[in-house]
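Structure below is upload03.txt: compact mmCIF, C-alpha atoms and all ligand atoms.
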```txt
# COMPACT_ATOMS: atom_id res chain seq x y z
CA MET A 1 5.45 -2.09 28.14
CA SER A 2 2.11 -1.96 29.94
CA ALA A 3 0.64 -4.67 32.20
CA PRO A 4 -1.07 -7.65 30.55
CA LEU A 5 -4.45 -6.78 29.12
CA PRO A 6 -7.40 -7.82 31.29
CA HIS A 7 -9.73 -10.72 30.40
CA PRO A 8 -10.22 -10.47 26.66
CA ALA A 9 -13.71 -11.55 25.59
CA PRO A 10 -13.88 -15.05 24.03
CA ARG A 11 -13.49 -14.88 20.25
CA PRO A 12 -13.05 -17.37 17.43
CA PRO A 13 -9.46 -18.63 17.10
CA ILE A 14 -7.14 -16.03 15.58
CA ALA A 15 -4.33 -17.18 13.30
CA ALA A 16 -0.85 -15.70 13.71
CA PRO A 17 0.26 -12.90 11.39
CA LEU A 18 2.20 -14.09 8.34
CA TRP A 19 3.52 -10.82 7.02
CA LEU A 20 5.26 -8.09 9.00
CA LEU A 21 5.61 -4.83 7.10
CA ALA A 22 8.08 -2.45 8.71
CA GLU A 23 7.38 1.06 7.44
CA LEU A 24 10.71 2.37 8.64
CA THR A 25 10.13 6.02 7.82
CA TYR A 26 7.77 8.39 6.03
CA ARG A 27 10.77 10.32 4.67
CA CYS A 28 11.14 9.95 0.90
CA PRO A 29 12.99 11.89 -1.79
CA LEU A 30 10.09 11.39 -4.22
CA HIS A 31 6.74 13.17 -4.29
CA CYS A 32 4.39 10.69 -5.95
CA ALA A 33 0.87 11.94 -6.61
CA PHE A 34 -0.53 8.49 -5.69
CA CYS A 35 1.58 7.89 -2.57
CA TYR A 36 -0.14 5.58 -0.10
CA ASN A 37 1.38 7.26 2.95
CA PRO A 38 -1.04 9.25 5.14
CA ILE A 39 -1.84 12.75 3.93
CA ASN A 40 -0.55 14.19 7.20
CA TYR A 41 2.72 12.21 7.22
CA ALA A 42 4.77 15.41 7.68
CA ASN A 43 3.29 15.81 11.17
CA GLU A 44 4.49 12.30 12.05
CA ARG A 45 8.24 12.60 12.40
CA ALA A 46 8.84 10.07 15.19
CA GLU A 47 10.61 6.87 14.14
CA LEU A 48 11.43 3.76 16.13
CA SER A 49 15.12 3.31 16.93
CA THR A 50 17.16 0.40 15.57
CA ALA A 51 16.81 -1.47 18.86
CA GLN A 52 13.05 -0.92 18.93
CA TRP A 53 12.64 -2.24 15.38
CA ILE A 54 14.72 -5.30 16.21
CA ASP A 55 12.55 -5.94 19.25
CA VAL A 56 9.39 -5.73 17.09
CA MET A 57 10.90 -8.12 14.55
CA ARG A 58 11.81 -10.65 17.28
CA GLN A 59 8.33 -10.49 18.79
CA ALA A 60 6.60 -10.86 15.41
CA ARG A 61 8.83 -13.78 14.41
CA LYS A 62 8.07 -15.46 17.72
CA LEU A 63 4.37 -15.10 16.94
CA GLY A 64 4.89 -16.85 13.61
CA ALA A 65 5.38 -14.08 11.03
CA ALA A 66 7.46 -15.46 8.14
CA GLN A 67 7.81 -12.59 5.66
CA LEU A 68 9.33 -9.24 6.50
CA GLY A 69 9.00 -6.22 4.20
CA PHE A 70 11.00 -3.04 4.66
CA SER A 71 9.18 -0.06 3.20
CA GLY A 72 8.37 3.53 3.92
CA GLY A 73 8.59 6.27 2.58
CA GLU A 74 11.97 5.24 1.31
CA PRO A 75 13.59 2.68 3.64
CA LEU A 76 17.05 3.48 2.26
CA VAL A 77 17.03 6.86 4.01
CA ARG A 78 17.56 4.89 7.24
CA ASP A 79 21.27 4.17 7.57
CA ASP A 80 20.48 1.23 9.86
CA LEU A 81 18.64 -0.63 7.08
CA GLU A 82 21.52 -3.08 6.68
CA GLU A 83 21.51 -3.87 10.40
CA LEU A 84 17.76 -4.48 10.32
CA VAL A 85 17.98 -6.70 7.24
CA GLY A 86 20.80 -8.69 8.85
CA GLU A 87 18.75 -9.22 12.00
CA GLY A 88 15.66 -10.12 9.97
CA ARG A 89 17.60 -12.84 8.16
CA ARG A 90 19.14 -14.13 11.41
CA LEU A 91 15.63 -14.45 12.81
CA GLY A 92 14.64 -16.56 9.80
CA PHE A 93 12.40 -14.09 7.95
CA TYR A 94 12.12 -14.01 4.17
CA THR A 95 13.17 -10.40 3.66
CA ASN A 96 11.96 -7.99 1.01
CA LEU A 97 13.10 -4.43 0.31
CA ILE A 98 10.39 -2.21 -1.20
CA THR A 99 12.16 0.79 -2.67
CA SER A 100 12.11 3.63 -5.18
CA GLY A 101 15.79 2.78 -5.74
CA ILE A 102 16.95 6.24 -4.69
CA GLY A 103 19.91 5.74 -2.38
CA LEU A 104 20.64 2.17 -3.49
CA THR A 105 24.34 2.54 -4.23
CA GLU A 106 26.49 -0.40 -5.28
CA THR A 107 28.16 -0.40 -1.86
CA ARG A 108 24.83 -0.73 -0.08
CA LEU A 109 23.57 -3.31 -2.54
CA ALA A 110 26.69 -5.44 -2.07
CA ARG A 111 26.34 -5.25 1.72
CA LEU A 112 22.65 -6.17 1.58
CA LYS A 113 23.55 -9.15 -0.59
CA GLU A 114 26.17 -10.27 1.95
CA LEU A 115 23.60 -9.99 4.71
CA GLY A 116 21.19 -12.22 2.80
CA LEU A 117 18.43 -9.83 1.68
CA ASP A 118 16.15 -12.14 -0.32
CA HIS A 119 14.23 -9.94 -2.69
CA ILE A 120 13.92 -6.38 -4.02
CA GLN A 121 10.80 -4.63 -5.30
CA LEU A 122 11.76 -1.59 -7.34
CA SER A 123 9.18 0.99 -8.33
CA PHE A 124 9.04 3.05 -11.51
CA GLN A 125 6.34 5.59 -12.25
CA ASP A 126 6.34 4.98 -16.01
CA SER A 127 8.35 3.67 -18.98
CA THR A 128 9.05 7.20 -20.19
CA LYS A 129 11.42 9.59 -18.51
CA GLU A 130 8.97 12.47 -18.92
CA MET A 131 6.04 10.80 -17.20
CA ASN A 132 8.18 9.06 -14.57
CA ASP A 133 9.71 12.36 -13.58
CA PHE A 134 6.42 14.27 -13.78
CA LEU A 135 4.55 11.82 -11.53
CA SER A 136 7.29 11.69 -8.90
CA SER A 137 8.05 15.41 -9.29
CA THR A 138 11.75 14.54 -9.43
CA LYS A 139 14.37 13.78 -12.07
CA THR A 140 14.93 10.15 -11.13
CA PHE A 141 14.27 8.02 -14.22
CA ASP A 142 17.92 7.65 -15.26
CA LEU A 143 19.02 6.90 -11.72
CA LYS A 144 16.30 4.25 -11.31
CA SER A 145 17.39 2.66 -14.60
CA ARG A 146 20.96 2.40 -13.30
CA VAL A 147 19.70 0.89 -10.04
CA ALA A 148 17.64 -1.69 -11.97
CA ARG A 149 20.80 -2.80 -13.82
CA LEU A 150 22.72 -3.05 -10.54
CA ILE A 151 19.99 -5.16 -8.94
CA LYS A 152 20.22 -7.64 -11.82
CA GLN A 153 24.02 -7.54 -11.72
CA TYR A 154 23.80 -8.70 -8.10
CA ASP A 155 21.46 -11.45 -9.17
CA TYR A 156 18.49 -10.54 -7.05
CA PRO A 157 15.03 -11.83 -7.79
CA MET A 158 13.40 -8.57 -8.80
CA VAL A 159 9.85 -7.31 -8.89
CA LEU A 160 9.22 -4.19 -10.92
CA ASN A 161 6.26 -2.29 -9.58
CA VAL A 162 4.47 0.35 -11.65
CA VAL A 163 1.37 2.05 -10.30
CA LEU A 164 -1.16 2.50 -13.11
CA HIS A 165 -3.69 5.28 -13.66
CA ARG A 166 -5.03 7.56 -16.36
CA TYR A 167 -1.61 9.05 -17.14
CA ASN A 168 0.18 5.79 -17.96
CA LEU A 169 -2.35 3.03 -18.66
CA ASP A 170 -1.86 3.60 -22.39
CA HIS A 171 1.86 2.88 -21.92
CA VAL A 172 1.37 -0.65 -20.61
CA GLY A 173 3.02 -2.26 -23.66
CA ARG A 174 6.09 -0.06 -23.28
CA ILE A 175 6.20 -0.76 -19.56
CA ILE A 176 6.24 -4.50 -20.27
CA ASP A 177 9.01 -3.97 -22.87
CA MET A 178 10.98 -2.08 -20.21
CA ALA A 179 10.51 -4.96 -17.76
CA LEU A 180 11.71 -7.43 -20.41
CA GLU A 181 14.79 -5.32 -21.14
CA MET A 182 15.58 -5.11 -17.43
CA GLY A 183 15.22 -8.87 -17.03
CA VAL A 184 12.83 -8.61 -14.10
CA ASP A 185 11.23 -11.78 -12.77
CA TYR A 186 7.87 -10.31 -11.94
CA LEU A 187 6.01 -7.23 -13.09
CA GLU A 188 3.37 -5.85 -10.80
CA LEU A 189 1.03 -3.52 -12.66
CA ALA A 190 -0.76 -2.14 -9.65
CA ASN A 191 -3.73 0.04 -10.45
CA THR A 192 -3.93 3.03 -8.15
CA GLN A 193 -5.62 2.46 -4.84
CA TYR A 194 -7.63 5.51 -3.90
CA TYR A 195 -6.38 6.15 -0.38
CA GLY A 196 -4.18 8.90 0.99
CA TRP A 197 -2.68 10.96 -1.83
CA GLY A 198 -4.34 8.76 -4.46
CA LEU A 199 -7.76 9.67 -3.06
CA ALA A 200 -6.85 13.37 -2.97
CA ASN A 201 -5.84 13.12 -6.67
CA ARG A 202 -8.60 10.76 -7.78
CA ALA A 203 -10.07 13.19 -10.33
CA HIS A 204 -6.68 13.26 -12.09
CA LEU A 205 -5.76 9.60 -11.76
CA MET A 206 -9.00 7.73 -12.46
CA PRO A 207 -8.74 6.11 -15.91
CA THR A 208 -11.57 5.53 -18.36
CA ARG A 209 -13.09 2.09 -18.78
CA GLU A 210 -11.72 1.99 -22.35
CA GLN A 211 -8.20 2.54 -21.04
CA VAL A 212 -8.56 -0.31 -18.57
CA VAL A 213 -9.99 -2.70 -21.19
CA ARG A 214 -7.26 -1.80 -23.73
CA ALA A 215 -4.50 -2.20 -21.16
CA GLU A 216 -5.79 -5.62 -20.09
CA GLU A 217 -5.87 -6.74 -23.74
CA VAL A 218 -2.27 -5.64 -24.20
CA VAL A 219 -1.23 -7.49 -21.04
CA ASN A 220 -2.94 -10.66 -22.25
CA GLN A 221 -1.26 -10.41 -25.67
CA TYR A 222 2.14 -10.14 -23.97
CA ARG A 223 1.34 -13.02 -21.63
CA ALA A 224 0.52 -15.22 -24.61
CA ARG A 225 3.73 -14.17 -26.37
CA ILE A 226 6.30 -14.26 -23.56
CA GLY A 227 4.89 -17.02 -21.35
CA ASN A 228 6.64 -17.15 -18.00
CA LYS A 229 9.65 -15.06 -19.03
CA VAL A 230 8.22 -12.24 -16.93
CA ARG A 231 5.22 -13.03 -14.77
CA ILE A 232 2.77 -10.14 -15.02
CA LEU A 233 0.24 -9.28 -12.37
CA PHE A 234 -2.48 -6.95 -13.60
CA VAL A 235 -5.43 -6.31 -11.34
CA VAL A 236 -8.36 -4.33 -12.71
CA PRO A 237 -8.95 -1.23 -10.56
CA ASP A 238 -11.71 -2.12 -8.16
CA TYR A 239 -13.91 0.90 -8.99
CA PHE A 240 -14.56 -0.89 -12.31
CA GLU A 241 -15.57 -4.16 -10.68
CA GLU A 242 -18.88 -5.48 -9.36
CA ARG A 243 -17.35 -7.10 -6.29
CA PRO A 244 -14.75 -5.67 -3.91
CA LYS A 245 -11.28 -6.99 -3.25
CA ALA A 246 -10.75 -9.26 -0.24
CA CYS A 247 -8.82 -6.45 1.39
CA MET A 248 -5.72 -7.69 3.28
CA ASN A 249 -7.30 -11.13 3.11
CA GLY A 250 -9.46 -9.94 5.99
CA TRP A 251 -8.80 -7.39 8.73
CA GLY A 252 -6.25 -8.69 11.25
CA SER A 253 -5.93 -11.93 9.31
CA VAL A 254 -2.38 -12.15 7.91
CA PHE A 255 -0.96 -8.62 7.76
CA LEU A 256 0.72 -6.68 10.55
CA GLY A 257 1.97 -3.25 9.53
CA ILE A 258 4.07 -1.09 11.82
CA ALA A 259 4.17 2.63 11.02
CA PRO A 260 7.42 4.57 11.55
CA ASP A 261 6.42 5.70 15.05
CA GLY A 262 5.49 2.17 16.14
CA THR A 263 1.74 2.36 15.55
CA ALA A 264 0.45 -1.10 14.63
CA LEU A 265 -1.97 -1.25 11.68
CA PRO A 266 -4.05 -4.03 10.08
CA CYS A 267 -3.59 -2.31 6.69
CA HIS A 268 -1.56 0.60 5.33
CA ALA A 269 -4.51 2.96 5.12
CA ALA A 270 -6.21 2.07 8.42
CA ARG A 271 -5.11 5.28 10.10
CA SER A 272 -7.68 7.08 7.96
CA LEU A 273 -10.48 5.47 10.01
CA PRO A 274 -11.88 7.64 12.79
CA GLY A 275 -12.75 6.32 16.22
CA ILE A 276 -9.97 3.76 16.44
CA ALA A 277 -6.84 4.36 18.51
CA PHE A 278 -4.34 2.01 16.97
CA PRO A 279 -1.99 0.54 19.59
CA ASN A 280 1.72 1.29 19.59
CA VAL A 281 4.49 -1.27 20.04
CA LEU A 282 6.05 1.09 22.58
CA ASP A 283 3.01 0.57 24.84
CA TYR A 284 1.96 -3.04 24.23
CA SER A 285 3.55 -6.31 23.22
CA VAL A 286 3.10 -7.40 19.60
CA HIS A 287 1.30 -10.47 20.95
CA ASP A 288 -1.30 -8.39 22.82
CA ILE A 289 -1.71 -5.99 19.91
CA TRP A 290 -2.41 -8.82 17.48
CA TYR A 291 -4.63 -10.98 19.65
CA ALA A 292 -6.25 -8.66 22.18
CA SER A 293 -6.39 -5.07 20.94
CA GLY A 294 -9.71 -3.46 20.13
CA ALA A 295 -8.24 -2.11 16.90
CA PHE A 296 -7.19 -5.51 15.51
CA ASN A 297 -10.38 -7.20 16.66
CA ARG A 298 -12.64 -4.44 15.38
CA TYR A 299 -13.42 -5.98 11.97
CA ARG A 300 -12.37 -9.59 12.50
CA GLY A 301 -15.00 -12.21 11.80
CA ASP A 302 -18.40 -11.00 10.62
CA ALA A 303 -20.24 -9.88 13.77
CA TRP A 304 -19.59 -6.22 12.88
CA MET A 305 -21.19 -6.50 9.43
CA LYS A 306 -24.33 -4.67 8.40
CA SER A 307 -26.76 -5.48 5.63
CA PRO A 308 -26.20 -6.44 2.81
CA CYS A 309 -22.94 -8.15 3.88
CA ARG A 310 -24.37 -9.71 7.05
CA ASP A 311 -26.56 -12.17 5.18
CA CYS A 312 -24.52 -12.42 2.00
CA PRO A 313 -23.23 -15.86 0.92
CA GLU A 314 -20.05 -14.20 -0.41
CA LYS A 315 -18.95 -12.69 2.89
CA SER A 316 -16.36 -15.38 3.55
CA LYS A 317 -14.78 -14.65 0.14
CA ASP A 318 -14.32 -10.87 0.30
CA PHE A 319 -15.01 -10.02 3.98
CA GLY A 320 -17.23 -7.15 2.84
CA GLY A 321 -14.35 -5.51 0.93
CA CYS A 322 -12.18 -2.71 2.24
CA ARG A 323 -13.01 -0.89 5.49
CA CYS A 324 -11.02 2.18 4.50
CA GLN A 325 -12.78 2.43 1.14
CA ALA A 326 -16.18 1.92 2.81
CA TYR A 327 -15.37 4.79 5.15
CA ALA A 328 -13.89 7.06 2.49
CA LEU A 329 -16.90 6.65 0.16
CA THR A 330 -19.83 6.17 2.57
CA GLY A 331 -18.66 7.67 5.86
CA ASP A 332 -19.15 4.36 7.74
CA ALA A 333 -16.37 1.78 7.79
CA ALA A 334 -18.86 -1.00 8.70
CA ASN A 335 -20.83 -0.53 5.48
CA ALA A 336 -20.32 -2.81 2.49
CA ASP A 337 -17.48 -1.55 0.32
CA PRO A 338 -19.52 0.41 -2.26
CA VAL A 339 -17.51 -1.12 -5.08
CA CYS A 340 -19.90 -4.05 -4.55
CA ALA A 341 -22.93 -3.99 -6.85
CA LYS A 342 -25.04 -5.17 -3.89
CA SER A 343 -24.18 -2.00 -1.93
CA PRO A 344 -26.93 0.65 -1.93
CA ARG A 345 -24.10 3.18 -2.53
CA HIS A 346 -22.67 1.44 -5.61
CA ALA A 347 -24.15 4.07 -7.96
CA GLU A 348 -21.79 6.64 -6.44
CA VAL A 349 -18.79 4.58 -7.49
CA GLN A 350 -20.24 4.28 -10.99
CA ALA A 351 -20.71 8.06 -11.06
CA ILE A 352 -17.01 8.57 -10.24
CA VAL A 353 -16.07 6.26 -13.11
CA MET A 354 -18.44 8.16 -15.42
CA GLN A 355 -16.81 11.47 -14.49
CA ALA A 356 -13.46 10.05 -15.64
CA GLN A 357 -15.13 9.07 -18.90
CA HIS A 358 -16.26 12.66 -19.50
CA ALA A 359 -12.75 13.96 -18.92
CA GLN A 360 -11.18 11.54 -21.43
CA ASN A 361 -10.62 14.01 -24.25
CA SER A 362 -8.42 16.32 -22.20
CA HIS A 363 -4.68 15.94 -22.26
CA PRO A 364 -3.77 13.89 -19.19
CA ALA A 365 -0.90 16.13 -18.08
CA VAL A 366 -3.16 19.16 -18.00
CA ALA A 367 -5.47 19.62 -15.05
CA GLN A 368 -9.18 19.75 -15.83
CA PRO A 369 -10.47 23.32 -15.62
CA GLN A 370 -12.96 22.26 -12.95
CA ALA A 371 -10.50 20.08 -11.06
CA LYS A 372 -8.08 21.15 -8.35
CA PRO A 373 -4.43 21.03 -9.45
CA ILE A 374 -2.70 17.72 -8.95
CA LEU A 375 -1.36 17.47 -5.43
CA PHE A 376 2.15 16.12 -5.10
CA ARG A 377 3.25 14.49 -1.88
CA THR A 378 5.35 17.25 -0.40
CA ASP A 379 5.91 18.25 3.21
CA ALA A 380 4.22 21.61 2.58
CA ASN A 381 1.11 19.98 1.06
CA SER A 382 1.06 17.41 3.84
CA ARG A 383 1.11 20.05 6.57
CA ARG A 384 -1.56 22.11 4.85
CA MET A 385 -3.88 19.16 4.13
CA GLY A 386 -3.18 17.39 7.42
CA ASN A 387 -4.08 20.49 9.41
CA ASP A 388 -7.45 20.77 7.70
CA GLY A 389 -8.57 17.72 9.70
CA LYS A 390 -10.55 16.31 6.80
CA PRO A 391 -11.44 12.62 6.66
CA GLY A 392 -8.47 10.64 5.52
CA ASP A 393 -5.97 12.80 7.35
CA GLY A 394 -4.90 9.98 9.59
CA ARG A 395 -6.30 11.30 12.84
CA SER A 396 -8.34 9.21 15.24
CA GLU A 397 -11.26 10.88 16.91
CA ALA A 398 -11.81 8.73 19.95
CA ALA A 399 -9.85 6.42 22.15
CA ASP A 400 -10.33 2.69 21.63
CA GLU A 401 -8.07 1.02 24.14
CA PRO A 402 -6.73 -2.46 23.48
CA ARG A 403 -8.82 -4.96 25.37
S1 LIG B 1 4.81 6.22 -3.38
FE1 LIG B 1 6.46 7.61 -4.09
S2 LIG B 1 6.50 9.30 -2.58
FE2 LIG B 1 5.31 7.60 -1.65
S3 LIG B 1 6.81 6.47 -0.46
FE3 LIG B 1 6.72 5.48 -2.49
S4 LIG B 1 8.34 6.46 -3.70
FE4 LIG B 1 7.97 7.77 -1.90
S1 LIG B 2 -22.67 -7.65 -0.07
FE1 LIG B 2 -20.81 -7.52 1.18
S2 LIG B 2 -20.14 -9.66 1.48
FE2 LIG B 2 -21.64 -9.64 -0.23
S3 LIG B 2 -20.40 -9.51 -2.08
FE3 LIG B 2 -20.94 -7.39 -1.49
S4 LIG B 2 -19.26 -6.66 -0.19
FE4 LIG B 2 -19.07 -8.91 -0.36
```
Translate this file's structure into structure tokens.
Amino acid sequence: MSAPLPHPAPRPPIAAPLWLLAELTYRCPLHCAFCYNPINYANERAELSTAQWIDVMRQARKLGAAQLGFSGGEPLVRDDLEELVGEGRRLGFYTNLITSGIGLTETRLARLKELGLDHIQLSFQDSTKEMNDFLSSTKTFDLKSRVARLIKQYDYPMVLNVVLHRYNLDHVGRIIDMALEMGVDYLELANTQYYGWGLANRAHLMPTREQVVRAEEVVNQYRARIGNKVRILFVVPDYFEERPKACMNGWGSVFLGIAPDGTALPCHAARSLPGIAFPNVLDYSVHDIWYASGAFNRYRGDAWMKSPCRDCPEKSKDFGGCRCQAYALTGDAANADPVCAKSPRHAEVQAIVMQAQHAQNSHPAVAQPQAKPILFRTDANSRRMGNDGKPGDGRSEAADEPR
């Protein structure tokens, strides 16, 4: 651990983090085309040890974090997951396992129950075996279905998470039926976020406006029919909106993510931003990272904002949207998220949506003649794409020491 950081500049009061997300590993048996891990994950093999993770958890809990998510990659590939969950519970965290289900045997599930794991979020790619297995480039649908039954058998509160896009938005009714059959408590219909692999595959994944409208109607019909039997979260993909999402409820506001190698991040995708050296828990205390690092202070408050956000009455509602999306679409992370209709770059987002409209008559499982083939998240693709050094590859271009 380095020496205390020198004389941080006075800033408005900073609240403690509420949510610690431990991305235990980038290893994963699946190859999802929309994976939110960095494109160059295969070059990032380092992982914190069990003791190092426990130290991070203790520090974050001391700061005030109350919720602890274990994700990845696939957190179950770590055979110390049970030890980490046990320690998380002892520290008083509400613990959540975010998993594809692969590797969740009955023995492990029973042990996790004993240790007090609070909650499991299981992901499916679709309600049909064909599409589930196509999108993950694996044969995992049957196994996931067995895992879903086991999770209910062990009486866990369960969230079913299905990422939505052009390939499966028309299956929303069947996905809700599947959730009802499984007896899940909560169904998260999460429209694809266009970062990482999702951004690389945007031409394939972007739905048409008609698909989005139809899917929302179906969701509302189910909500009216089933009431609270399964609570359904459906968020319209932000490219179709006129205002951006309040990304992470503000940069460095509630969320503290720790990547497998110990890099601390204010959001999952933040490594895509150039010019920021994100601090590592092996070099700095979690306290100093959260309160005093240049990376976490970079987009706090509104002093960094440019026009039109700077003078906008809505800036305290959406914080100017998503920094990673602003960078990915405009090349400057301090610009307004161009999803916003007030952004001078909003027309480019509309053009992307229009392109999806033009492609609507093609069969979704067949690549457009003009489009690159769909890119599955594989180690080989990661090494090839990551070595190109394109924006979004997760590299930082310049040092930005914590201060
Ligand atoms: S999105 Fe798919 S490939 Fe990526 S970590 Fe999750 S299960 Fe693995
Ligand atoms: S101009 Fe900026 S602050 Fe205003 S609504 Fe748009 S993104 Fe939000």
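Remark: for ligand LIG 1 (chain B), the closest of the candidate residues A:Glu82, A:Asp379, A:Asp177, A:Glu241 is A:Asp379 (distances computed over all atoms listed in the file).
Distances from A:Pro308, A:Pro279, A:Pro237, A:Gly262 to ligand LIG 2 (chain B) were compared using only C-alpha atoms and all ligand atoms, and the smallest one belongs to A:Pro308.
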Can you pull out the residues contacting range 19-33 of chain A? Cut-off 6 Å, using all atoms listed in the file, and skip same-chain residues under 2 positions away; I want them as a VMD selection string. chain A and resid 17 35 65 67 to 75 135 to 137 255 to 260 376 to 378
Mind working out the centre and edge lengths of an axis-aligned box for ligand LIG 2 (chain B), all listed atoms inside, 3 Å added to each side, rounded to one decimal in Å and written as AutoDock Vina command-line options?
```
--center_x -20.9 --center_y -8.2 --center_z -0.3 --size_x 9.6 --size_y 9.0 --size_z 9.6
```
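Across the structure, CA of Glu210 in chain A and CA of Tyr167 in chain A are spaced 13.4 Å apart.
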Show me as a PDB file with C-alpha atoms, keeping the file's coordinate frame the residues that reach within 8 Å of (16.5, -8.7, 6.7), counting all atoms listed in the file and using the file's own coordinates.
```pdb
ATOM      1  CA  LEU A  68       9.330  -9.240   6.500  1.00  0.00           C
ATOM      2  CA  GLU A  82      21.520  -3.080   6.680  1.00  0.00           C
ATOM      3  CA  GLU A  83      21.510  -3.870  10.400  1.00  0.00           C
ATOM      4  CA  LEU A  84      17.760  -4.480  10.320  1.00  0.00           C
ATOM      5  CA  VAL A  85      17.980  -6.700   7.240  1.00  0.00           C
ATOM      6  CA  GLY A  86      20.800  -8.690   8.850  1.00  0.00           C
ATOM      7  CA  GLU A  87      18.750  -9.220  12.000  1.00  0.00           C
ATOM      8  CA  GLY A  88      15.660 -10.120   9.970  1.00  0.00           C
ATOM      9  CA  ARG A  89      17.600 -12.840   8.160  1.00  0.00           C
ATOM     10  CA  ARG A  90      19.140 -14.130  11.410  1.00  0.00           C
ATOM     11  CA  PHE A  93      12.400 -14.090   7.950  1.00  0.00           C
ATOM     12  CA  TYR A  94      12.120 -14.010   4.170  1.00  0.00           C
ATOM     13  CA  THR A  95      13.170 -10.400   3.660  1.00  0.00           C
ATOM     14  CA  ASN A  96      11.960  -7.990   1.010  1.00  0.00           C
ATOM     15  CA  LEU A 115      23.600  -9.990   4.710  1.00  0.00           C
ATOM     16  CA  GLY A 116      21.190 -12.220   2.800  1.00  0.00           C
ATOM     17  CA  LEU A 117      18.430  -9.830   1.680  1.00  0.00           C
ATOM     18  CA  ASP A 118      16.150 -12.140  -0.320  1.00  0.00           C
TER      19      ASP A 118
END
```
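Restricting the calculation to only C-alpha atoms and all ligand atoms, the smallest distance between ligand LIG 1 (chain B) and any of A:Trp197, A:Tyr186, A:Phe141, A:Tyr299 is found for A:Trp197.
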Residues within 6 Å of ligand LIG 2 (chain B) should be enumerated using only C-alpha atoms and all ligand atoms and returned as a ChimeraX atom specification. /A:243-244,308-309,312,314-315,318-321,336-337,340,342
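In terms of minimum interatomic distance to ligand LIG 1 (chain B), A:Ile39 ranks closest within A:Ile232, A:Ile120, A:Ile39, A:Ala341, counting only C-alpha atoms and all ligand atoms.
CA of Ala356 in chain A is positioned 14.8 Å from CA of Ile374 in chain A.
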Quick one: everything within 12 Å of Thr208 in chain A, counting only C-alpha atoms, minus sequence neighbours fewer than 3 positions away in the same chain. Send it as a count of residues only. 32
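Closest to ligand LIG 1 (chain B) among A:Met248, A:Val163, A:Leu63, A:Cys324 is A:Val163, based on only C-alpha atoms and all ligand atoms.
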Report the distance between CA of Lys62 in chain A and CA of Leu265 in chain A in Å, rounded to one decimal place. 18.4 Å
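Of the listed residues A:Glu348, A:Asp133, A:Asp283, A:Asp332, the one whose atoms come nearest to ligand LIG 1 (chain B) is A:Asp133, with distances taken using all atoms listed in the file.
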Near Thr330 in chain A, within 12 Å and counting all atoms listed in the file, which residues show up once chain neighbours fewer than 3 positions away are dropped, as a PDB file with C-alpha atoms, keeping the file's coordinate frame?
```pdb
ATOM      1  CA  LEU A 273     -10.480   5.470  10.010  1.00  0.00           C
ATOM      2  CA  CYS A 322     -12.180  -2.710   2.240  1.00  0.00           C
ATOM      3  CA  ARG A 323     -13.010  -0.890   5.490  1.00  0.00           C
ATOM      4  CA  CYS A 324     -11.020   2.180   4.500  1.00  0.00           C
ATOM      5  CA  GLN A 325     -12.780   2.430   1.140  1.00  0.00           C
ATOM      6  CA  ALA A 326     -16.180   1.920   2.810  1.00  0.00           C
ATOM      7  CA  TYR A 327     -15.370   4.790   5.150  1.00  0.00           C
ATOM      8  CA  ALA A 333     -16.370   1.780   7.790  1.00  0.00           C
ATOM      9  CA  ALA A 334     -18.860  -1.000   8.700  1.00  0.00           C
ATOM     10  CA  ASN A 335     -20.830  -0.530   5.480  1.00  0.00           C
ATOM     11  CA  ALA A 336     -20.320  -2.810   2.490  1.00  0.00           C
ATOM     12  CA  ASP A 337     -17.480  -1.550   0.320  1.00  0.00           C
ATOM     13  CA  PRO A 338     -19.520   0.410  -2.260  1.00  0.00           C
ATOM     14  CA  VAL A 339     -17.510  -1.120  -5.080  1.00  0.00           C
ATOM     15  CA  SER A 343     -24.180  -2.000  -1.930  1.00  0.00           C
ATOM     16  CA  PRO A 344     -26.930   0.650  -1.930  1.00  0.00           C
ATOM     17  CA  ARG A 345     -24.100   3.180  -2.530  1.00  0.00           C
ATOM     18  CA  HIS A 346     -22.670   1.440  -5.610  1.00  0.00           C
ATOM     19  CA  ALA A 347     -24.150   4.070  -7.960  1.00  0.00           C
ATOM     20  CA  GLU A 348     -21.790   6.640  -6.440  1.00  0.00           C
ATOM     21  CA  VAL A 349     -18.790   4.580  -7.490  1.00  0.00           C
ATOM     22  CA  PRO A 391     -11.440  12.620   6.660  1.00  0.00           C
TER      23      PRO A 391
END
```
Counting all atoms listed in the file, find residues at most 12 Å from (-6.8, 11.2, 1.0) (file frame) and give them as a PyMOL selection string. chain A and resi 33-41+193-203+269-273+324-325+327-329+375-377+381-382+385-386+388-395
Quick one: residues within 9 Å of Trp290 in chain A, all atoms listed in the file, excluding same-chain residues fewer than 4 positions away - as a ChimeraX atom specification? /A:14,16-17,252,256,264,266,285-286,295-297
